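S.K.: I'd like to ask you about the structure that follows.
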Amino acid sequence: MKLAITTSGETVDAALDSRFGRAPKFLIYDVESGAFTLLDNAQNLQAAQGAGVQAAEHVARAGVDAVITGHCGPKAFRVLSAVGIKVYTTDLPTVAAALAAFKAGSLSQAEGADVEGHW
Amino acid sequence: MIIAIASGKGGTGKTTVAVNLALAWGAPVWLLDCDVEEPNAHLFLRADSAQQEIITVPVPQVDMARCDACGECSRFCVYHAIVAPGTKPLVFRELCHSCGGCARVCPRGAITEVARRIGVIETSEVEGVTLVGGHLDVGVAMSPPLIRAVKARIPHDGVALLDAPPGTSCPVITAIRGADAVVLVTEPTPFGLHDLTLAVQMVGALGLPMGVVVNRVGIGDNRVHAFCAAHHIPVLQEIPDDRRIAEAYSQGIPIVEALPEYRALFRQLAESVTALCAARRFVTQGDGHEHRGGGETELRPLNPATGASTTEGANANVRV
């Protein structure tokens, strides 16, 4: 199972970024092996519109099963739902803390967008 | 003759100048409210009735029975308005720029374009002024298509005054492009000067002749005047800082009606802007092609007659 976690850093100890569409990077984490790769999202940081849609396409192409982030807007949520990617939102401070919570089953799955676009 | 009234800074008096210039013109004139995100000329030119037209833009609609999820539409759309992440496409109408490309590239003919409402245009007649105002619907993010629809109502002959939105971005450029001259309204304050400087660069990049109206003269300092002198931009008119003007404004009464002594000031302005337009026409006809220099990013002295710099170039930096 592969997860995409929004982050501004490059390791599991880095901070979890609370934004989805405009997160600087996605840490793509393989739950079975514990290995991870980084997916750059810098292009979307500058986008005037459509950052959430593009970020969702980006993680969908990376073949992830779920996204862990702070908040998810309506357009991104619609794309993620269409391709069956689950969304978990959390206010935990780091990628490692979010991963631990996910593995412990204590993250709750979002049933819809929790913020407006451009929040 | 098309005259755009613009400003860098908001709240400097664009609508005040546009409305009073229209009323003092002395001949039938069109006033086009291109500030479609917050139109306000109709608050000063109140008509008993207005004709309404609904304005739409084309957006894609996908026939899911025909679609085979090939993803061509999604690969074509740089705005991510139609997205097919390995599935049949999702359409985000509010991101669509109405280019029609997705419908063209679809190999199965599954995409047709349907109308999406973005706002209304209201047309009314008040005291020799034909007022055409665009009113963008709440929640619509892109105003240029509605501004273009308002401008499409400009008559071939006659005089049209365009009340532009504030700022220097796409909506303003959409509004002022194609004008014969631009009147930049500012106030003699540091904020006014800062945003005037940006507006002058924008108008210079479009190669349009321009002049400045300084509103609320008496407040602030003389740096706006010094700037205009240094850059050879004519100061077309000065409107004093008069409390009675603010009082009339707050009641939605045009200056020339509340304070008839100001009619001469706006008549003079009408003559100055007519002269500014005439200078451009002379230049355009005189050497057989229009001066449309542009793409410049630094401020340089401009030819006051044409607004164009001597540098020729494409408007590469101006994207609308």
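Just remember, in the structure tokens the first chain shown is A, the second B, etc., residues are 1-based per chain, and ligands are 1-based in the order shown.
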Find the spatial neighbours of region 225-240 of chain B, counting only C-alpha atoms, within a cut-off of 10 Å - ignore same-chain residues fewer than 5 positions away - and output them as a count of residues only.
M.R.: 42
S.K.: Using only C-alpha atoms, find each residue in chain A having at least one atom no more than 10 Å away from chain B; report its shortest atom-to-atom pair and that distance in Å (one decimal), rows by chain then rising number, as CSV.
M.R.:
residue,atom,partner,partner_atom,distance
A:Ala47,CA,B:Tyr79,CA,9.5
A:Ala48,CA,B:Tyr79,CA,9.8
A:Gln49,CA,B:Leu95,CA,7.1
A:Gly50,CA,B:His80,CA,6.1
A:Ala51,CA,B:His80,CA,8.7
A:Gly52,CA,B:His80,CA,9.6
A:Val53,CA,B:His80,CA,6.6
A:Gln54,CA,B:His80,CA,6.6
A:Ala56,CA,B:Pro85,CA,8.4
A:Glu57,CA,B:Pro85,CA,5.6
A:His58,CA,B:Pro85,CA,8.7
A:Val59,CA,B:Pro85,CA,9.7
A:Ala60,CA,B:Pro85,CA,6.6
A:Arg61,CA,B:Pro85,CA,7.2
A:Lys75,CA,B:Phe92,CA,7.7
A:Arg78,CA,B:Leu90,CA,8.3
A:Val79,CA,B:Leu90,CA,7.4
A:Leu80,CA,B:Pro85,CA,8.9
A:Ala82,CA,B:Thr87,CA,7.5
A:Val83,CA,B:Thr87,CA,6.8
S.K.: Show me, as a ChimeraX atom specification, the residues that have an atom within 10 Å of region 114-117 of chain A when counting only C-alpha atoms, minus same-chain residues fewer than 2 positions from it.
M.R.: /A:21,49-52,70-77,89,110-112,119
S.K.: Include N, CA and C atoms and write out the residues we just selected as a short mmCIF file (atom, residue, chain, number, x, y, z; two decimals), in the first residue's frame.
M.R.:
data_model
loop_
_atom_site.label_atom_id
_atom_site.label_comp_id
_atom_site.auth_asym_id
_atom_site.auth_seq_id
_atom_site.Cartn_x
_atom_site.Cartn_y
_atom_site.Cartn_z
N GLY A 21 -3.06 20.88 -2.24
CA GLY A 21 -2.73 21.35 -3.59
C GLY A 21 -1.44 22.14 -3.65
N GLN A 49 -4.70 28.99 -10.33
CA GLN A 49 -5.90 28.18 -10.13
C GLN A 49 -5.57 26.73 -10.48
N GLY A 50 -6.37 25.82 -9.95
CA GLY A 50 -6.26 24.42 -10.37
C GLY A 50 -5.14 23.65 -9.68
N ALA A 51 -4.58 24.21 -8.60
CA ALA A 51 -3.48 23.52 -7.91
C ALA A 51 -3.95 22.20 -7.33
N GLY A 52 -5.13 22.19 -6.73
CA GLY A 52 -5.65 20.98 -6.11
C GLY A 52 -5.89 19.89 -7.13
N GLY A 70 -3.18 17.94 5.77
CA GLY A 70 -3.87 18.74 6.78
C GLY A 70 -5.32 19.00 6.37
N HIS A 71 -5.46 19.55 5.16
CA HIS A 71 -6.79 19.88 4.65
C HIS A 71 -6.87 19.56 3.17
N CYS A 72 -8.09 19.30 2.70
CA CYS A 72 -8.27 18.99 1.29
C CYS A 72 -9.47 19.77 0.77
N GLY A 73 -9.26 20.50 -0.33
CA GLY A 73 -10.32 21.31 -0.92
C GLY A 73 -11.23 20.51 -1.84
N PRO A 74 -12.32 21.15 -2.32
CA PRO A 74 -13.35 20.40 -3.05
C PRO A 74 -12.93 19.83 -4.39
N LYS A 75 -12.13 20.57 -5.16
CA LYS A 75 -11.76 20.05 -6.49
C LYS A 75 -10.80 18.87 -6.35
N ALA A 76 -9.81 19.02 -5.47
CA ALA A 76 -8.87 17.93 -5.25
C ALA A 76 -9.62 16.69 -4.74
N PHE A 77 -10.57 16.92 -3.83
CA PHE A 77 -11.29 15.77 -3.26
C PHE A 77 -12.07 15.04 -4.35
N THR A 89 -7.21 13.38 6.92
CA THR A 89 -6.72 14.69 7.35
C THR A 89 -6.31 14.61 8.82
N ALA A 110 -11.52 11.19 5.58
CA ALA A 110 -12.39 12.32 5.25
C ALA A 110 -13.50 11.88 4.31
N GLU A 111 -14.70 12.36 4.55
CA GLU A 111 -15.82 11.99 3.67
C GLU A 111 -16.11 13.08 2.64
N GLY A 112 -15.36 14.17 2.73
CA GLY A 112 -15.55 15.25 1.77
C GLY A 112 -14.48 16.30 2.01
N TRP A 119 -8.30 28.27 0.31
CA TRP A 119 -8.49 28.64 1.73
C TRP A 119 -7.26 29.33 2.28
#
S.K.: Could you work out how far CA of Ala101 (chain A) lies from CA of Asp13 (chain A), giving the answer in Å with one decimal?
M.R.: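 Interatomic distance, CA of Asp13 (chain A) to CA of Ala101 (chain A): 14.0 Å.
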S.K.: One decimal, in Å: what's the spacing between CA of Ile2 (chain B) and CA of Ala181 (chain B)?
M.R.: 6.9 Å
S.K.: If we count only C-alpha atoms, what is near Thr16 (chain B) at a cut-off of 9 Å, once residues fewer than 2 positions away on the same chain are taken out, given as a list in words?
M.R.: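 Residues meeting the cut-off are Thr12, Gly13, Lys14, Ala18, Val19, Asn20, Leu21, Ala41, Phe44, Tyr249, Pro254 and Ile255 of chain B.
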S.K.: Tell me which of B:Glu125, B:Ser7, B:Arg75, B:Trp30 sits closest to Ala47 (chain B), counting only C-alpha atoms.
M.R.: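 Checking each candidate against Ala47 (chain B), we get B:Glu125 as the closest.
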S.K.: Could you go through region 35-207 of chain B and tell me which residues DSSP, when run on the backbone, assigns to helix (DSSP H, G or I), listing them as a ChimeraX atom specification?
M.R.: /B:41-43,72-76,93-95,101-105,144-151,170-176,190-206
